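For reference, query_8.txt is printed below; it contains compact mmCIF, C-alpha atoms (C1' of nucleotides).
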# COMPACT_ATOMS: atom_id res chain seq x y z
CA MET N 90 0.36 -24.66 37.01
CA MET N 91 -3.23 -25.55 36.18
CA ASN N 92 -2.76 -24.37 32.60
CA LYS N 93 -1.11 -27.58 31.54
CA ASN N 94 -3.98 -29.77 30.49
CA GLN N 95 -7.00 -27.51 30.33
CA ALA N 96 -6.17 -23.89 30.84
CA PHE N 97 -9.06 -22.96 33.14
CA PRO N 98 -11.79 -24.67 35.08
CA TRP N 99 -14.43 -23.17 32.81
CA ASP N 100 -12.91 -25.06 29.91
CA HIS N 101 -13.70 -28.41 31.53
CA PRO N 102 -16.91 -29.80 30.09
CA ARG N 103 -18.11 -31.05 33.47
CA PHE N 104 -17.33 -27.74 35.13
CA ARG N 105 -19.26 -25.76 32.55
CA SER N 106 -22.05 -28.25 32.87
CA TRP N 107 -22.24 -27.80 36.57
CA ILE N 108 -22.15 -24.03 36.43
CA GLY N 109 -25.17 -24.22 34.17
CA VAL N 110 -27.00 -26.48 36.58
CA ALA N 111 -26.30 -24.16 39.49
CA ARG N 112 -27.45 -21.05 37.64
CA ALA N 113 -30.56 -22.80 36.39
CA CYS N 114 -31.41 -23.85 39.93
CA GLN N 115 -31.01 -20.37 41.28
CA LEU N 116 -33.15 -18.82 38.58
CA MET N 117 -35.77 -21.50 38.91
CA GLN N 118 -35.95 -20.98 42.65
CA GLN N 119 -36.52 -17.26 42.17
CA ALA N 120 -39.10 -17.80 39.45
CA MET N 121 -40.91 -20.39 41.56
CA SER N 122 -40.91 -18.05 44.51
CA ARG N 123 -42.68 -15.39 42.48
CA ALA N 124 -45.02 -17.90 40.86
CA ILE N 125 -46.42 -19.18 44.15
CA ALA N 126 -46.28 -15.91 46.06
CA GLY N 127 -49.94 -15.36 45.24
CA LEU N 128 -50.83 -18.41 47.31
CA GLY N 129 -49.06 -16.97 50.34
CA ILE N 130 -46.34 -19.60 50.46
CA LYS N 131 -42.66 -19.77 49.61
CA PRO N 132 -40.52 -22.55 48.16
CA PRO N 133 -39.66 -24.16 51.51
CA HIS N 134 -43.36 -24.40 52.35
CA LEU N 135 -44.11 -25.83 48.95
CA ASP N 136 -41.51 -28.54 49.41
CA ILE N 137 -43.07 -29.47 52.71
CA LEU N 138 -46.61 -29.52 51.39
CA VAL N 139 -45.74 -31.61 48.35
CA ASN N 140 -43.98 -34.15 50.52
CA LEU N 141 -46.94 -34.36 52.89
CA TYR N 142 -49.22 -34.75 49.91
CA ARG N 143 -47.16 -37.65 48.75
CA PHE N 144 -46.18 -39.20 52.09
CA ASP N 145 -49.06 -38.78 54.47
CA GLY N 146 -48.28 -39.40 58.14
CA ILE N 147 -44.55 -38.86 57.77
CA SER N 148 -42.61 -37.70 60.85
CA GLN N 149 -40.73 -34.42 61.13
CA GLN N 150 -37.44 -36.26 61.16
CA GLU N 151 -38.18 -38.14 57.96
CA LEU N 152 -39.44 -34.99 56.33
CA ALA N 153 -36.27 -33.13 57.23
CA ARG N 154 -34.15 -35.92 55.79
CA LYS N 155 -36.09 -35.87 52.54
CA LEU N 156 -35.65 -32.11 52.25
CA LEU N 157 -31.95 -32.26 53.17
CA VAL N 158 -32.36 -29.78 55.99
CA GLY N 159 -31.94 -29.93 59.75
CA ARG N 160 -34.65 -30.96 62.19
CA SER N 161 -34.69 -27.49 63.65
CA ASN N 162 -35.77 -26.10 60.33
CA MET N 163 -38.93 -28.19 60.49
CA SER N 164 -39.55 -27.10 64.05
CA MET N 165 -39.47 -23.51 62.84
CA LEU N 166 -41.66 -23.91 59.76
CA LEU N 167 -44.27 -26.52 60.68
CA PRO N 168 -45.96 -24.66 63.55
CA HIS N 169 -46.48 -21.80 61.11
CA LEU N 170 -48.23 -24.03 58.61
CA GLU N 171 -50.21 -25.62 61.40
CA LYS N 172 -51.47 -22.26 62.66
CA ARG N 173 -52.54 -21.43 59.13
CA GLY N 174 -54.64 -24.55 59.12
CA LEU N 175 -52.77 -26.23 56.31
CA ILE N 176 -51.35 -29.18 58.20
CA GLU N 177 -52.01 -31.24 61.33
CA ARG N 178 -49.52 -32.70 63.78
CA ARG N 179 -50.72 -35.60 65.83
CA ALA N 180 -48.63 -37.50 68.32
CA ASP N 181 -47.94 -41.10 67.38
CA ALA N 182 -49.73 -43.57 69.61
CA LYS N 183 -46.87 -46.04 69.86
CA ASP N 184 -43.99 -43.60 70.14
CA LYS N 185 -44.82 -40.45 72.03
CA ARG N 186 -41.73 -38.71 70.69
CA VAL N 187 -42.77 -38.52 67.07
CA LEU N 188 -45.33 -36.20 65.53
CA ARG N 189 -47.15 -37.57 62.50
CA LEU N 190 -47.84 -34.95 59.87
CA SER N 191 -50.73 -34.72 57.48
CA LEU N 192 -52.49 -32.16 55.31
CA THR N 193 -55.85 -30.72 56.26
CA GLU N 194 -58.48 -30.38 53.58
CA ALA N 195 -57.48 -26.75 53.09
CA GLY N 196 -53.86 -27.79 52.90
CA ARG N 197 -54.58 -30.49 50.36
CA SER N 198 -56.46 -28.18 48.03
CA LEU N 199 -53.87 -25.41 48.34
CA THR N 200 -51.16 -27.95 47.62
CA GLU N 201 -52.95 -29.04 44.48
CA GLU N 202 -53.13 -25.46 43.30
CA ALA N 203 -49.48 -24.95 44.08
CA MET N 204 -48.43 -28.15 42.35
CA ALA N 205 -50.31 -27.12 39.23
CA ILE N 206 -48.36 -23.87 39.17
CA GLN N 207 -45.12 -25.65 39.92
CA THR N 208 -45.64 -28.25 37.24
CA GLY N 209 -46.60 -25.57 34.74
CA LEU N 210 -43.45 -23.61 35.39
CA ILE N 211 -41.26 -26.67 35.11
CA GLU N 212 -42.96 -27.72 31.89
CA ARG N 213 -42.44 -24.30 30.40
CA ALA N 214 -38.84 -24.04 31.50
CA LEU N 215 -37.96 -27.47 30.12
CA SER N 216 -40.21 -27.26 27.09
CA PRO N 217 -37.37 -26.98 24.55
CA THR N 218 -35.78 -30.10 26.01
CA PRO N 219 -37.29 -33.32 24.66
CA ALA N 220 -38.56 -35.83 27.17
CA GLU N 221 -35.84 -38.30 26.38
CA ARG N 222 -33.20 -35.68 27.08
CA CYS N 223 -34.91 -34.88 30.36
CA LEU N 224 -34.56 -38.47 31.42
CA GLN N 225 -30.87 -38.36 30.60
CA VAL N 226 -30.53 -35.26 32.75
CA ALA N 227 -32.39 -37.00 35.54
CA GLU N 228 -30.08 -39.97 35.25
CA ALA N 229 -26.98 -37.81 35.50
CA MET N 230 -28.39 -36.08 38.57
CA GLU N 231 -29.26 -39.35 40.26
CA ASP N 232 -25.75 -40.63 39.71
CA LEU N 233 -24.42 -37.43 41.21
CA ILE N 234 -26.74 -37.64 44.19
CA HIS N 235 -25.69 -41.19 44.84
CA ILE N 236 -22.00 -40.29 44.76
CA LEU N 237 -22.38 -37.33 47.09
CA GLN N 238 -24.44 -39.29 49.57
CA THR N 239 -21.89 -42.08 49.53
CA MET N 240 -19.13 -39.54 50.17
CA ASP N 241 -21.01 -38.16 53.15
CA ALA N 242 -21.57 -41.60 54.55
CA ASP N 243 -17.86 -42.34 54.19
CA ASP N 244 -16.78 -39.16 55.93
CA GLU N 245 -18.90 -39.35 59.03
CA PRO N 246 -18.37 -42.79 60.56
CA ASP N 247 -14.58 -43.05 60.52
CA ASP N 248 -14.10 -39.35 61.03
CA ALA N 249 -11.41 -38.07 63.36
CA MET W 42 -59.08 -33.77 38.99
CA MET W 43 -55.40 -33.75 38.04
CA ASN W 44 -55.41 -37.55 37.81
CA LYS W 45 -56.83 -37.54 34.33
CA ASN W 46 -53.78 -37.38 32.13
CA GLN W 47 -50.84 -38.12 34.38
CA ALA W 48 -51.88 -39.07 37.86
CA PHE W 49 -49.33 -37.02 39.82
CA PRO W 50 -46.71 -34.38 39.15
CA TRP W 51 -43.96 -36.82 40.01
CA ASP W 52 -45.03 -38.98 37.11
CA HIS W 53 -44.19 -36.23 34.60
CA PRO W 54 -40.75 -36.83 33.13
CA ARG W 55 -39.82 -33.15 33.26
CA PHE W 56 -41.01 -32.84 36.85
CA ARG W 57 -38.95 -35.82 37.99
CA SER W 58 -36.05 -34.44 36.06
CA TRP W 59 -36.27 -31.13 37.81
CA ILE W 60 -36.60 -32.62 41.26
CA GLY W 61 -33.37 -34.45 40.60
CA VAL W 62 -31.64 -31.26 39.54
CA ALA W 63 -32.79 -29.44 42.65
CA ARG W 64 -31.68 -32.19 45.00
CA ALA W 65 -28.35 -32.50 43.25
CA CYS W 66 -27.80 -28.78 43.60
CA GLN W 67 -28.59 -28.79 47.27
CA LEU W 68 -26.28 -31.71 48.00
CA MET W 69 -23.53 -30.25 45.88
CA GLN W 70 -23.77 -26.95 47.70
CA GLN W 71 -23.43 -28.69 51.05
CA ALA W 72 -20.54 -30.84 49.84
CA MET W 73 -18.78 -27.83 48.36
CA SER W 74 -19.26 -25.92 51.59
CA ARG W 75 -17.49 -28.64 53.52
CA ALA W 76 -14.81 -29.07 50.87
CA ILE W 77 -13.65 -25.45 50.98
CA ALA W 78 -14.23 -24.85 54.68
CA GLY W 79 -10.55 -25.55 55.27
CA LEU W 80 -9.67 -22.46 53.24
CA GLY W 81 -11.84 -20.30 55.48
CA ILE W 82 -14.35 -19.42 52.78
CA LYS W 83 -17.93 -20.40 51.95
CA PRO W 84 -19.70 -20.91 48.63
CA PRO W 85 -20.76 -17.27 48.22
CA HIS W 86 -17.16 -16.15 48.66
CA LEU W 87 -15.97 -18.77 46.21
CA ASP W 88 -18.42 -17.55 43.59
CA ILE W 89 -17.12 -14.03 44.02
CA LEU W 90 -13.47 -15.01 43.87
CA VAL W 91 -13.90 -17.16 40.78
CA ASN W 92 -15.68 -14.36 38.99
CA LEU W 93 -12.98 -11.88 39.91
CA TYR W 94 -10.38 -14.36 38.76
CA ARG W 95 -12.11 -14.54 35.42
CA PHE W 96 -13.31 -10.95 35.04
CA ASP W 97 -10.72 -8.68 36.57
CA GLY W 98 -11.82 -5.10 37.16
CA ILE W 99 -15.52 -5.88 37.18
CA SER W 100 -17.83 -3.57 39.14
CA GLN W 101 -19.95 -4.60 42.12
CA GLN W 102 -23.09 -4.16 40.08
CA GLU W 103 -21.91 -6.41 37.27
CA LEU W 104 -20.71 -8.96 39.78
CA ALA W 105 -24.06 -8.98 41.53
CA ARG W 106 -25.85 -9.49 38.22
CA LYS W 107 -23.61 -12.40 37.30
CA LEU W 108 -24.26 -14.03 40.65
CA LEU W 109 -28.01 -13.39 40.49
CA VAL W 110 -28.04 -11.60 43.83
CA GLY W 111 -28.83 -8.08 44.97
CA ARG W 112 -26.31 -5.25 45.10
CA SER W 113 -26.63 -5.10 48.87
CA ASN W 114 -25.33 -8.62 49.12
CA MET W 115 -22.07 -7.53 47.52
CA SER W 116 -21.87 -4.57 49.85
CA MET W 117 -22.06 -6.96 52.76
CA LEU W 118 -19.58 -9.56 51.52
CA LEU W 119 -16.92 -7.60 49.67
CA PRO W 120 -15.66 -5.46 52.58
CA HIS W 121 -15.11 -8.72 54.44
CA LEU W 122 -12.97 -10.12 51.67
CA GLU W 123 -11.16 -6.83 51.36
CA LYS W 124 -10.27 -6.76 55.06
CA ARG W 125 -8.92 -10.27 54.69
CA GLY W 126 -6.61 -9.02 51.99
CA LEU W 127 -8.07 -11.19 49.25
CA ILE W 128 -9.47 -8.46 47.02
CA GLU W 129 -9.00 -4.78 46.27
CA ARG W 130 -11.61 -2.15 45.50
CA ARG W 131 -10.42 0.89 43.61
CA ALA W 132 -12.63 3.74 42.50
CA ASP W 133 -13.00 4.08 38.76
CA ALA W 134 -11.28 7.17 37.40
CA LYS W 135 -13.99 8.09 34.92
CA ASP W 136 -17.04 7.32 37.03
CA LYS W 137 -16.62 7.99 40.69
CA ARG W 138 -19.66 5.89 41.54
CA VAL W 139 -18.25 2.54 40.56
CA LEU W 140 -15.73 0.45 42.43
CA ARG W 141 -13.53 -1.76 40.28
CA LEU W 142 -12.74 -5.09 41.88
CA SER W 143 -9.66 -7.21 41.54
CA LEU W 144 -7.87 -10.00 43.36
CA THR W 145 -4.73 -9.41 45.37
CA GLU W 146 -1.87 -11.85 45.02
CA ALA W 147 -3.06 -13.65 48.14
CA GLY W 148 -6.56 -13.72 46.74
CA ARG W 149 -5.40 -15.08 43.42
CA SER W 150 -3.48 -17.93 44.96
CA LEU W 151 -6.25 -18.80 47.38
CA THR W 152 -8.70 -18.77 44.49
CA GLU W 153 -6.52 -21.18 42.54
CA GLU W 154 -6.47 -23.54 45.51
CA ALA W 155 -10.21 -23.25 45.87
CA MET W 156 -10.87 -23.80 42.18
CA ALA W 157 -8.74 -26.93 42.25
CA ILE W 158 -10.90 -28.29 45.06
CA GLN W 159 -14.08 -27.18 43.33
CA THR W 160 -13.10 -28.71 40.02
CA GLY W 161 -12.08 -31.92 41.74
CA LEU W 162 -15.41 -32.24 43.48
CA ILE W 163 -17.35 -31.55 40.29
CA GLU W 164 -15.25 -34.05 38.36
CA ARG W 165 -15.84 -36.71 40.97
CA ALA W 166 -19.56 -36.02 41.22
CA LEU W 167 -20.04 -36.14 37.47
CA SER W 168 -17.50 -38.88 36.83
CA PRO W 169 -20.10 -41.53 35.90
CA THR W 170 -21.58 -39.17 33.33
CA PRO W 171 -19.70 -39.18 30.02
CA ALA W 172 -18.52 -35.84 28.70
CA GLU W 173 -20.97 -35.89 25.82
CA ARG W 174 -23.86 -36.36 28.26
CA CYS W 175 -22.55 -33.48 30.33
CA LEU W 176 -22.75 -31.24 27.32
CA GLN W 177 -26.34 -32.28 26.75
CA VAL W 178 -27.12 -31.43 30.36
CA ALA W 179 -25.44 -28.07 29.91
CA GLU W 180 -27.49 -27.45 26.80
CA ALA W 181 -30.76 -28.21 28.58
CA MET W 182 -29.79 -25.87 31.42
CA GLU W 183 -28.87 -23.08 29.05
CA ASP W 184 -32.21 -23.35 27.32
CA LEU W 185 -33.91 -23.21 30.68
CA ILE W 186 -31.88 -20.21 31.78
CA HIS W 187 -32.76 -18.39 28.59
CA ILE W 188 -36.46 -19.05 29.02
CA LEU W 189 -36.54 -17.92 32.64
CA GLN W 190 -34.60 -14.77 31.89
CA THR W 191 -36.94 -13.97 29.03
CA MET W 192 -39.93 -14.48 31.31
CA ASP W 193 -38.45 -12.07 33.87
CA ALA W 194 -37.79 -9.47 31.22
CA ASP W 195 -41.38 -9.78 30.05
CA ASP W 196 -42.82 -9.40 33.52
CA GLU W 197 -40.98 -6.35 34.72
CA PRO W 198 -41.43 -3.59 32.12
CA ASP W 199 -45.19 -3.69 31.63
CA ASP W 200 -45.86 -4.83 35.16
CA ALA W 201 -48.66 -3.36 37.18
C1' DT U 27 -35.27 -53.54 87.10
C1' DG U 28 -32.07 -49.63 86.69
C1' DA U 29 -28.50 -47.07 84.25
C1' DT U 30 -26.78 -45.57 79.86
C1' DT U 31 -27.27 -44.30 75.29
C1' DT U 32 -30.27 -42.94 71.15
C1' DT U 33 -33.74 -40.69 69.11
C1' DT U 34 -37.31 -36.95 68.48
C1' DG U 35 -38.48 -32.58 68.67
C1' DT U 36 -37.78 -27.69 70.55
C1' DT U 37 -35.29 -23.41 71.77
C1' DC U 38 -32.03 -20.09 71.12
C1' DA U 39 -28.06 -17.54 69.51
C1' DT U 40 -25.68 -16.72 65.25
C1' DC U 41 -25.07 -15.87 60.68
C1' DA U 42 -26.57 -15.07 55.74
C1' DT U 43 -29.75 -12.90 52.43
C1' DT U 44 -33.18 -9.71 51.01
C1' DG U 45 -35.57 -5.48 50.14
C1' DT U 46 -36.00 -0.64 51.11
C1' DA U 47 -34.54 3.73 51.96
C1' DC U 48 -30.61 6.81 51.44
C1' DT U 49 -26.19 9.30 49.59
C1' DT U 50 -23.39 10.48 46.01
C1' DT U 51 -22.32 10.88 41.22
C1' DA U 52 -23.81 10.81 36.03
C1' DT U 53 -26.87 11.57 32.56
C1' DT U 54 -30.77 13.55 30.35
C1' DG U 55 -33.90 17.16 28.93
C1' DT U 56 -35.14 21.96 28.67
C1' DA X 157 -26.60 25.89 33.06
C1' DC X 158 -30.17 23.77 35.89
C1' DA X 159 -33.54 20.69 37.23
C1' DA X 160 -35.02 16.04 37.06
C1' DT X 161 -34.07 11.29 36.49
C1' DA X 162 -31.22 7.28 36.72
C1' DA X 163 -27.41 4.50 38.50
C1' DA X 164 -23.72 2.72 41.94
C1' DG X 165 -22.91 1.69 46.29
C1' DT X 166 -24.19 1.60 51.48
C1' DA X 167 -26.92 1.01 55.84
C1' DC X 168 -30.31 -1.15 58.19
C1' DA X 169 -34.17 -3.75 59.58
C1' DA X 170 -36.66 -8.02 58.76
C1' DT X 171 -36.64 -12.79 57.34
C1' DG X 172 -34.72 -17.29 56.92
C1' DA X 173 -31.46 -21.05 57.84
C1' DT X 174 -28.11 -23.43 60.80
C1' DG X 175 -25.98 -25.77 64.63
C1' DA X 176 -25.59 -26.56 69.56
C1' DA X 177 -27.54 -27.27 73.87
C1' DC X 178 -31.61 -29.10 75.92
C1' DA X 179 -36.01 -32.08 77.57
C1' DA X 180 -38.74 -36.05 77.01
C1' DA X 181 -39.38 -40.65 75.51
C1' DA X 182 -37.60 -45.08 73.89
C1' DA X 183 -34.21 -48.62 73.35
C1' DT X 184 -30.22 -51.12 74.98
C1' DC X 185 -27.82 -53.68 78.13
C1' DA X 186 -26.00 -55.14 82.49
Would you put the structure from the file into structure tokens?
Amino acid sequence: MMNKNQAFPWDHPRFRSWIGVARACQLMQQAMSRAIAGLGIKPPHLDILVNLYRFDGISQQELARKLLVGRSNMSMLLPHLEKRGLIERRADAKDKRVLRLSLTEAGRSLTEEAMAIQTGLIERALSPTPAERCLQVAEAMEDLIHILQTMDADDEPDDA
Amino acid sequence: MMNKNQAFPWDHPRFRSWIGVARACQLMQQAMSRAIAGLGIKPPHLDILVNLYRFDGISQQELARKLLVGRSNMSMLLPHLEKRGLIERRADAKDKRVLRLSLTEAGRSLTEEAMAIQTGLIERALSPTPAERCLQVAEAMEDLIHILQTMDADDEPDDA
DNA sequence: TGATTTTTGTTCATCATTGTACTTTATTGT
DNA sequence: ACAATAAAGTACAATGATGAACAAAAATCA
């Protein structure tokens, strides 16, 4: 059994492909962690800062959804960044439940430094891959993301 | 500043590409976690079992290196799997320091079940991507892995 | 309006991962 | 052979992530 069509999982082209993606991600995460350590932040913080840089005034809920983590994670990390003077949390005027997030000046400039490092590392790591190929990779990943999110959406509503 | 060449990081093709890879990885990890939860194992255990399935008699050190984690991580996880009767650890005859790892019968059959689920999920997630494209993705990831590993090797020996 | 349900964010207990220090065994150098 | 160094595995303390229970505010609906 299982050695009828393709002997082992690692002989499937898609399986090998995915193993490569997973390893690459892990290594990249570690490399990124070291690259930005000098700025006193770690990958989770960087993700937050970049998203605030891009989407000013976002709520904690929306931020958590973008980062694919739970709300509680934001509640743990954001006060830290706030105390360090990198971000601000102001209550929304119309809905007193939500906290609107934005970068301080210090946060904005640190984020720009961090993004320069991040972009540099990504450029170096993908430098042997031509831009066109990168777009094909991106396309494959977006298809995958769409499928997984659809699967999740299917599971939850009708679930037991 | 920074908006001279390409306005923002997310306009770089390689940057966008990488963001997609990272998101895909995260979602896949979560989906995989749910997919194998019924077998009573989590992604780290699956990684271990698959590697033991493929490389019987490997040592804890080698396993840790393959999985890109620390030795201590193996020391935490393996006794668990051993108590559950999925793996065996036997001292090497020639070098009393190393423990040689192998799957039990129960472990082997559970691993086959798990790999079937894993392969199925990967196949589904990458189904819209033709096999040829998958190989191109794999190639890009292998280049990236090689670069990052070379960078690490460069940093450590001469490091401060 | 008043009661019920949703939504937002927080708190807390639990679990996973990491790095460091430590023990035991091999290897190297003299 | 003996001392020093390196390597394999373990123990432990610190950090990070997760999910569930909770409080406050808003929305829904009768």
Report chain N as a compact mmCIF listing (two decimals) with C-alpha atoms, in the frame of the given file in the frame of chain W, after least-squares superposition over all C-alpha atoms paired in order.
# COMPACT_ATOMS: atom_id res chain seq x y z
CA MET N 90 -58.96 -33.44 38.70
CA MET N 91 -55.26 -33.64 37.94
CA ASN N 92 -55.44 -37.43 37.73
CA LYS N 93 -56.76 -37.39 34.21
CA ASN N 94 -53.65 -37.38 32.09
CA GLN N 95 -50.79 -38.12 34.43
CA ALA N 96 -51.91 -39.00 37.90
CA PHE N 97 -49.34 -36.99 39.86
CA PRO N 98 -46.71 -34.38 39.22
CA TRP N 99 -43.96 -36.85 40.08
CA ASP N 100 -45.05 -38.97 37.15
CA HIS N 101 -44.20 -36.21 34.68
CA PRO N 102 -40.78 -36.83 33.20
CA ARG N 103 -39.84 -33.15 33.34
CA PHE N 104 -41.01 -32.84 36.92
CA ARG N 105 -38.96 -35.82 38.05
CA SER N 106 -36.06 -34.43 36.12
CA TRP N 107 -36.27 -31.14 37.86
CA ILE N 108 -36.60 -32.62 41.31
CA GLY N 109 -33.37 -34.45 40.64
CA VAL N 110 -31.64 -31.27 39.56
CA ALA N 111 -32.78 -29.44 42.67
CA ARG N 112 -31.67 -32.19 45.04
CA ALA N 113 -28.33 -32.51 43.27
CA CYS N 114 -27.78 -28.78 43.62
CA GLN N 115 -28.55 -28.80 47.30
CA LEU N 116 -26.25 -31.71 48.01
CA MET N 117 -23.51 -30.26 45.88
CA GLN N 118 -23.74 -26.95 47.70
CA GLN N 119 -23.38 -28.69 51.05
CA ALA N 120 -20.50 -30.85 49.85
CA MET N 121 -18.75 -27.83 48.36
CA SER N 122 -19.20 -25.92 51.57
CA ARG N 123 -17.42 -28.64 53.51
CA ALA N 124 -14.76 -29.09 50.84
CA ILE N 125 -13.62 -25.47 50.94
CA ALA N 126 -14.17 -24.87 54.64
CA GLY N 127 -10.49 -25.57 55.22
CA LEU N 128 -9.61 -22.49 53.20
CA GLY N 129 -11.77 -20.31 55.43
CA ILE N 130 -14.31 -19.45 52.75
CA LYS N 131 -17.86 -20.44 51.93
CA PRO N 132 -19.65 -20.94 48.62
CA PRO N 133 -20.74 -17.31 48.21
CA HIS N 134 -17.13 -16.18 48.65
CA LEU N 135 -15.95 -18.78 46.20
CA ASP N 136 -18.39 -17.56 43.58
CA ILE N 137 -17.12 -14.05 44.03
CA LEU N 138 -13.46 -15.01 43.87
CA VAL N 139 -13.88 -17.15 40.77
CA ASN N 140 -15.68 -14.35 38.99
CA LEU N 141 -12.96 -11.86 39.92
CA TYR N 142 -10.37 -14.33 38.73
CA ARG N 143 -12.10 -14.52 35.42
CA PHE N 144 -13.31 -10.92 35.05
CA ASP N 145 -10.72 -8.65 36.57
CA GLY N 146 -11.82 -5.07 37.20
CA ILE N 147 -15.52 -5.87 37.20
CA SER N 148 -17.84 -3.55 39.17
CA GLN N 149 -19.95 -4.60 42.14
CA GLN N 150 -23.10 -4.14 40.11
CA GLU N 151 -21.91 -6.40 37.31
CA LEU N 152 -20.71 -8.95 39.80
CA ALA N 153 -24.07 -9.01 41.53
CA ARG N 154 -25.85 -9.50 38.22
CA LYS N 155 -23.60 -12.40 37.32
CA LEU N 156 -24.26 -14.05 40.67
CA LEU N 157 -28.01 -13.40 40.49
CA VAL N 158 -28.06 -11.64 43.83
CA GLY N 159 -28.84 -8.11 44.97
CA ARG N 160 -26.33 -5.28 45.13
CA SER N 161 -26.67 -5.16 48.88
CA ASN N 162 -25.36 -8.67 49.11
CA MET N 163 -22.10 -7.55 47.54
CA SER N 164 -21.91 -4.59 49.86
CA MET N 165 -22.11 -7.00 52.77
CA LEU N 166 -19.60 -9.57 51.54
CA LEU N 167 -16.93 -7.60 49.69
CA PRO N 168 -15.66 -5.47 52.59
CA HIS N 169 -15.09 -8.73 54.45
CA LEU N 170 -12.96 -10.14 51.67
CA GLU N 171 -11.16 -6.83 51.36
CA LYS N 172 -10.27 -6.77 55.06
CA ARG N 173 -8.90 -10.28 54.70
CA GLY N 174 -6.61 -9.03 52.00
CA LEU N 175 -8.07 -11.17 49.26
CA ILE N 176 -9.47 -8.46 47.04
CA GLU N 177 -8.99 -4.76 46.28
CA ARG N 178 -11.61 -2.13 45.54
CA ARG N 179 -10.43 0.90 43.68
CA ALA N 180 -12.63 3.75 42.57
CA ASP N 181 -12.98 4.12 38.82
CA ALA N 182 -11.26 7.21 37.48
CA LYS N 183 -13.96 8.12 34.99
CA ASP N 184 -17.01 7.31 37.07
CA LYS N 185 -16.59 8.00 40.75
CA ARG N 186 -19.64 5.91 41.60
CA VAL N 187 -18.25 2.54 40.61
CA LEU N 188 -15.71 0.46 42.48
CA ARG N 189 -13.51 -1.74 40.32
CA LEU N 190 -12.73 -5.08 41.91
CA SER N 191 -9.64 -7.19 41.57
CA LEU N 192 -7.85 -10.00 43.36
CA THR N 193 -4.70 -9.39 45.37
CA GLU N 194 -1.85 -11.83 45.01
CA ALA N 195 -3.03 -13.65 48.12
CA GLY N 196 -6.54 -13.71 46.72
CA ARG N 197 -5.38 -15.06 43.39
CA SER N 198 -3.44 -17.92 44.91
CA LEU N 199 -6.23 -18.81 47.34
CA THR N 200 -8.67 -18.76 44.46
CA GLU N 201 -6.51 -21.17 42.52
CA GLU N 202 -6.45 -23.54 45.45
CA ALA N 203 -10.19 -23.25 45.84
CA MET N 204 -10.84 -23.79 42.15
CA ALA N 205 -8.73 -26.93 42.20
CA ILE N 206 -10.87 -28.29 45.01
CA GLN N 207 -14.05 -27.18 43.30
CA THR N 208 -13.08 -28.71 39.99
CA GLY N 209 -12.06 -31.93 41.70
CA LEU N 210 -15.38 -32.24 43.44
CA ILE N 211 -17.32 -31.56 40.28
CA GLU N 212 -15.24 -34.06 38.34
CA ARG N 213 -15.84 -36.71 40.95
CA ALA N 214 -19.54 -36.04 41.22
CA LEU N 215 -20.04 -36.15 37.46
CA SER N 216 -17.52 -38.89 36.81
CA PRO N 217 -20.10 -41.56 35.90
CA THR N 218 -21.61 -39.19 33.35
CA PRO N 219 -19.76 -39.19 30.03
CA ALA N 220 -18.59 -35.86 28.70
CA GLU N 221 -21.04 -35.91 25.85
CA ARG N 222 -23.91 -36.38 28.28
CA CYS N 223 -22.59 -33.49 30.34
CA LEU N 224 -22.81 -31.24 27.33
CA GLN N 225 -26.39 -32.31 26.78
CA VAL N 226 -27.16 -31.44 30.39
CA ALA N 227 -25.48 -28.09 29.93
CA GLU N 228 -27.54 -27.45 26.84
CA ALA N 229 -30.79 -28.21 28.63
CA MET N 230 -29.81 -25.88 31.46
CA GLU N 231 -28.90 -23.07 29.09
CA ASP N 232 -32.24 -23.37 27.36
CA LEU N 233 -33.93 -23.21 30.73
CA ILE N 234 -31.91 -20.20 31.81
CA HIS N 235 -32.78 -18.40 28.63
CA ILE N 236 -36.50 -19.05 29.08
CA LEU N 237 -36.56 -17.92 32.69
CA GLN N 238 -34.63 -14.76 31.94
CA THR N 239 -36.97 -13.98 29.07
CA MET N 240 -39.94 -14.49 31.39
CA ASP N 241 -38.47 -12.08 33.91
CA ALA N 242 -37.82 -9.50 31.25
CA ASP N 243 -41.42 -9.83 30.07
CA ASP N 244 -42.88 -9.43 33.53
CA GLU N 245 -41.08 -6.32 34.65
CA PRO N 246 -41.53 -3.71 31.93
CA ASP N 247 -45.27 -3.92 31.30
CA ASP N 248 -46.05 -4.80 34.88
CA ALA N 249 -49.04 -3.28 36.62
Near chain N, meaning an atom within 8 Å, which residues of chain W appear when counting only C-alpha atoms? Write them as a ChimeraX atom specification. /W:50,54-59,61-69,72,109,156,160,163-164,166-167,169-170,172,174-179,181-186,188-190
Select from segment 144-236 of chain N every residue with an atom at most 12 Å from any atom of segment 158-177 of chain X, then for each give the shortest pair of atoms and their distance in Å to one decimal, using only C-alpha atoms (C1' of nucleotides), rows by chain and rising number, as JSON lines.
{"residue": "N:Val158", "atom": "CA", "partner": "X:DA173", "partner_atom": "C1'", "distance": 9.0}
{"residue": "N:Gly159", "atom": "CA", "partner": "X:DT174", "partner_atom": "C1'", "distance": 7.6}
{"residue": "N:Arg160", "atom": "CA", "partner": "X:DT174", "partner_atom": "C1'", "distance": 10.1}
{"residue": "N:Ser161", "atom": "CA", "partner": "X:DT174", "partner_atom": "C1'", "distance": 8.2}
{"residue": "N:Asn162", "atom": "CA", "partner": "X:DA173", "partner_atom": "C1'", "distance": 7.1}
{"residue": "N:Met163", "atom": "CA", "partner": "X:DA173", "partner_atom": "C1'", "distance": 10.7}
{"residue": "N:Ser164", "atom": "CA", "partner": "X:DA173", "partner_atom": "C1'", "distance": 11.9}
{"residue": "N:Met165", "atom": "CA", "partner": "X:DA173", "partner_atom": "C1'", "distance": 9.8}
{"residue": "N:Leu166", "atom": "CA", "partner": "X:DG172", "partner_atom": "C1'", "distance": 10.0}
